[in-house]
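Enquirer: Let me give you the structure first, and then I'll get to my questions.
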Amino acid sequence: MRARRLLAATSVAALAALSLAACGRSAPDVAAYVGDRTYSVDRVDTIHDEAQAAYEASVRAAAAQQGATPSPEQLKLNVDRQDVLNLLVGIDLGKRVAEEKKIPVQDQLTAEQLGKELGVPDTEYATLAAEWYDLYLALERGLPPAELTDGSRSDLYQALVKVGVAPAGWSAEEQRKQFAEAEFTRQVSAVSVALRDEVRKLDVTVNPRFPTLEIPALLQTANGLRQYDLPYVDGADQVTDVSTPEPEPTGSDSADPSAPVAP
């Protein structure tokens, strides 16, 4: 779902990633532990594979109407397993924040809307995406704006540069100047801080197969909505007790699911 235009509005935040910090929560078939809940690698794979199949069918159908044959690259969904886990964990944490802060969540986006927009109709991935954006919009309204630190401002800037929304080369002073006039940055930071605080209250651990946890963020630009992925906002508070996985083979978004999770 990276760098893809969606039907939602505004921007969303980021989430610092934790890797395994304690033995005993290291089953290789578990993608992530969030408190007393687990998200299995099998579920992540199933959601991803369903979305990929639906996207491929959508692209083939559209190409057939024009008498064309799509290339293998055109058939590849711009969503990997990391994106799926990002949504599963982000929704879990976001719901906890909304409940704790007594923030009501309204249905504003539907899985049908997003499924059609993304080319993955009738899939769990579309359902998760719609659930997350509804949740974020509620948190954005219900949480007070937060101030950016130099670290979080830099993280946000780098994420925007990566998808071509911001030009490269801004100094720290230029970042402060530009972001001072951008209200969304404080809204992004507020949600990010709330999610990060929730992570720290829970015993969150992540299989090294998934090196980070990111939340997809949306920004309204002159050319429409753009998406970027932000692993965390407040870099000064980044959790450093992280297990480092072995590099994955080039060109692959997956790793050996049977590989053990480091304690």
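By convention in this document, the chains of the structure tokens carry letters A, B, ... by their order, each chain's residues are numbered from 1, and ligands are numbered from 1 in the order they are shown.
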Give me, as a PyMOL selection string, the residues of stretch 59-252 of chain A that a backbone DSSP run labels strand (DSSP E).
Expert: chain A and resi 205-206+215-221+224-230
Enquirer: Name the residues of stretch 122-248 of chain A that come out as helix (DSSP H, G or I) in a backbone DSSP run; write them as a PyMOL selection string.
Expert: chain A and resi 124-142+150-162+172-180+184-201+235-237
Enquirer: For the residues in that selection, give me C-alpha atoms as a tab-separated table (two decimals), in the first residue's frame.
Expert:
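In the end it all went to part.tsv:
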```
chain	number	residue	atom	x	y	z
A	124	GLU	CA	-9.15	-8.91	4.61
A	125	TYR	CA	-6.40	-6.47	3.74
A	126	ALA	CA	-8.99	-3.94	2.52
A	127	THR	CA	-10.97	-4.48	5.73
A	128	LEU	CA	-7.89	-3.86	7.87
A	129	ALA	CA	-6.95	-0.72	5.93
A	130	ALA	CA	-10.45	0.73	6.35
A	131	GLU	CA	-10.45	-0.10	10.06
A	132	TRP	CA	-7.09	1.58	10.61
A	133	TYR	CA	-7.99	4.82	8.82
A	134	ASP	CA	-11.27	5.12	10.71
A	135	LEU	CA	-9.35	4.57	13.92
A	136	TYR	CA	-6.69	7.10	13.10
A	137	LEU	CA	-9.17	9.82	12.18
A	138	ALA	CA	-10.78	9.33	15.58
A	139	LEU	CA	-7.45	9.52	17.41
A	140	GLU	CA	-6.46	12.59	15.44
A	141	ARG	CA	-9.62	14.36	16.52
A	142	GLY	CA	-9.53	13.15	20.10
A	150	ASP	CA	14.37	17.57	16.37
A	151	GLY	CA	14.54	13.79	16.19
A	152	SER	CA	10.90	13.22	15.33
A	153	ARG	CA	10.95	16.08	12.84
A	154	SER	CA	13.94	14.52	11.09
A	155	ASP	CA	12.26	11.10	10.96
A	156	LEU	CA	9.15	12.62	9.43
A	157	TYR	CA	11.19	14.60	6.94
A	158	GLN	CA	13.15	11.54	5.81
A	159	ALA	CA	9.91	9.58	5.33
A	160	LEU	CA	8.51	12.36	3.13
A	161	VAL	CA	11.73	12.60	1.13
A	162	LYS	CA	11.65	8.85	0.51
A	172	ALA	CA	17.56	20.92	10.57
A	173	GLU	CA	16.76	24.65	10.62
A	174	GLU	CA	14.89	24.42	7.32
A	175	GLN	CA	12.91	21.45	8.62
A	176	ARG	CA	11.91	23.44	11.69
A	177	LYS	CA	10.86	26.37	9.53
A	178	GLN	CA	8.84	24.34	7.04
A	179	PHE	CA	7.14	22.10	9.60
A	180	ALA	CA	6.25	25.03	11.86
A	184	PHE	CA	-0.44	17.92	10.31
A	185	THR	CA	3.01	17.38	11.83
A	186	ARG	CA	1.71	17.99	15.35
A	187	GLN	CA	-1.30	15.76	14.73
A	188	VAL	CA	0.98	13.00	13.44
A	189	SER	CA	3.19	13.38	16.50
A	190	ALA	CA	0.23	13.19	18.89
A	191	VAL	CA	-0.94	9.85	17.51
A	192	SER	CA	2.60	8.53	17.36
A	193	VAL	CA	3.30	9.41	20.99
A	194	ALA	CA	0.07	7.72	22.08
A	195	LEU	CA	0.92	4.53	20.18
A	196	ARG	CA	4.48	4.50	21.43
A	197	ASP	CA	3.32	4.92	25.02
A	198	GLU	CA	0.95	1.98	24.55
A	199	VAL	CA	3.78	-0.15	23.16
A	200	ARG	CA	5.84	0.55	26.24
A	201	LYS	CA	3.05	-0.37	28.61
A	235	GLY	CA	13.61	9.50	17.38
A	236	ALA	CA	14.90	10.63	20.77
A	237	ASP	CA	12.67	8.03	22.40
```
Enquirer: For a quick check of understanding, using only C-alpha atoms, which of A:Leu93, A:Thr46, A:Ala61, A:Ala54 has the smallest distance to A:Asp203?
Expert: A:Leu93
Enquirer: Using only C-alpha atoms for the distances, tell me which of A:Leu88, A:Ala64, A:Val34, A:Leu143 is nearest to A:Ile103.
Expert: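 Smallest separation from A:Ile103 among the options: A:Leu143.
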Enquirer: Could you state the separation of atom CA of A:Val89 and atom CA of A:Val120 in Å, given to one decimal place?
Expert: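 Value for the atom CA of A:Val89-atom CA of A:Val120 distance: 20.6 Å.
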Enquirer: Of the residues A:Asn86, A:Thr69, A:Asn207, A:Ser171, which is the one nearest to A:Val41, using only C-alpha atoms?
Expert: A:Asn207
Enquirer: Can you work out the spacing between atom CA of A:Thr205 and atom CA of A:Gly90 in Å, to one decimal?
Expert: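 Separating atom CA of A:Thr205 from atom CA of A:Gly90 is a distance of 13.4 Å.
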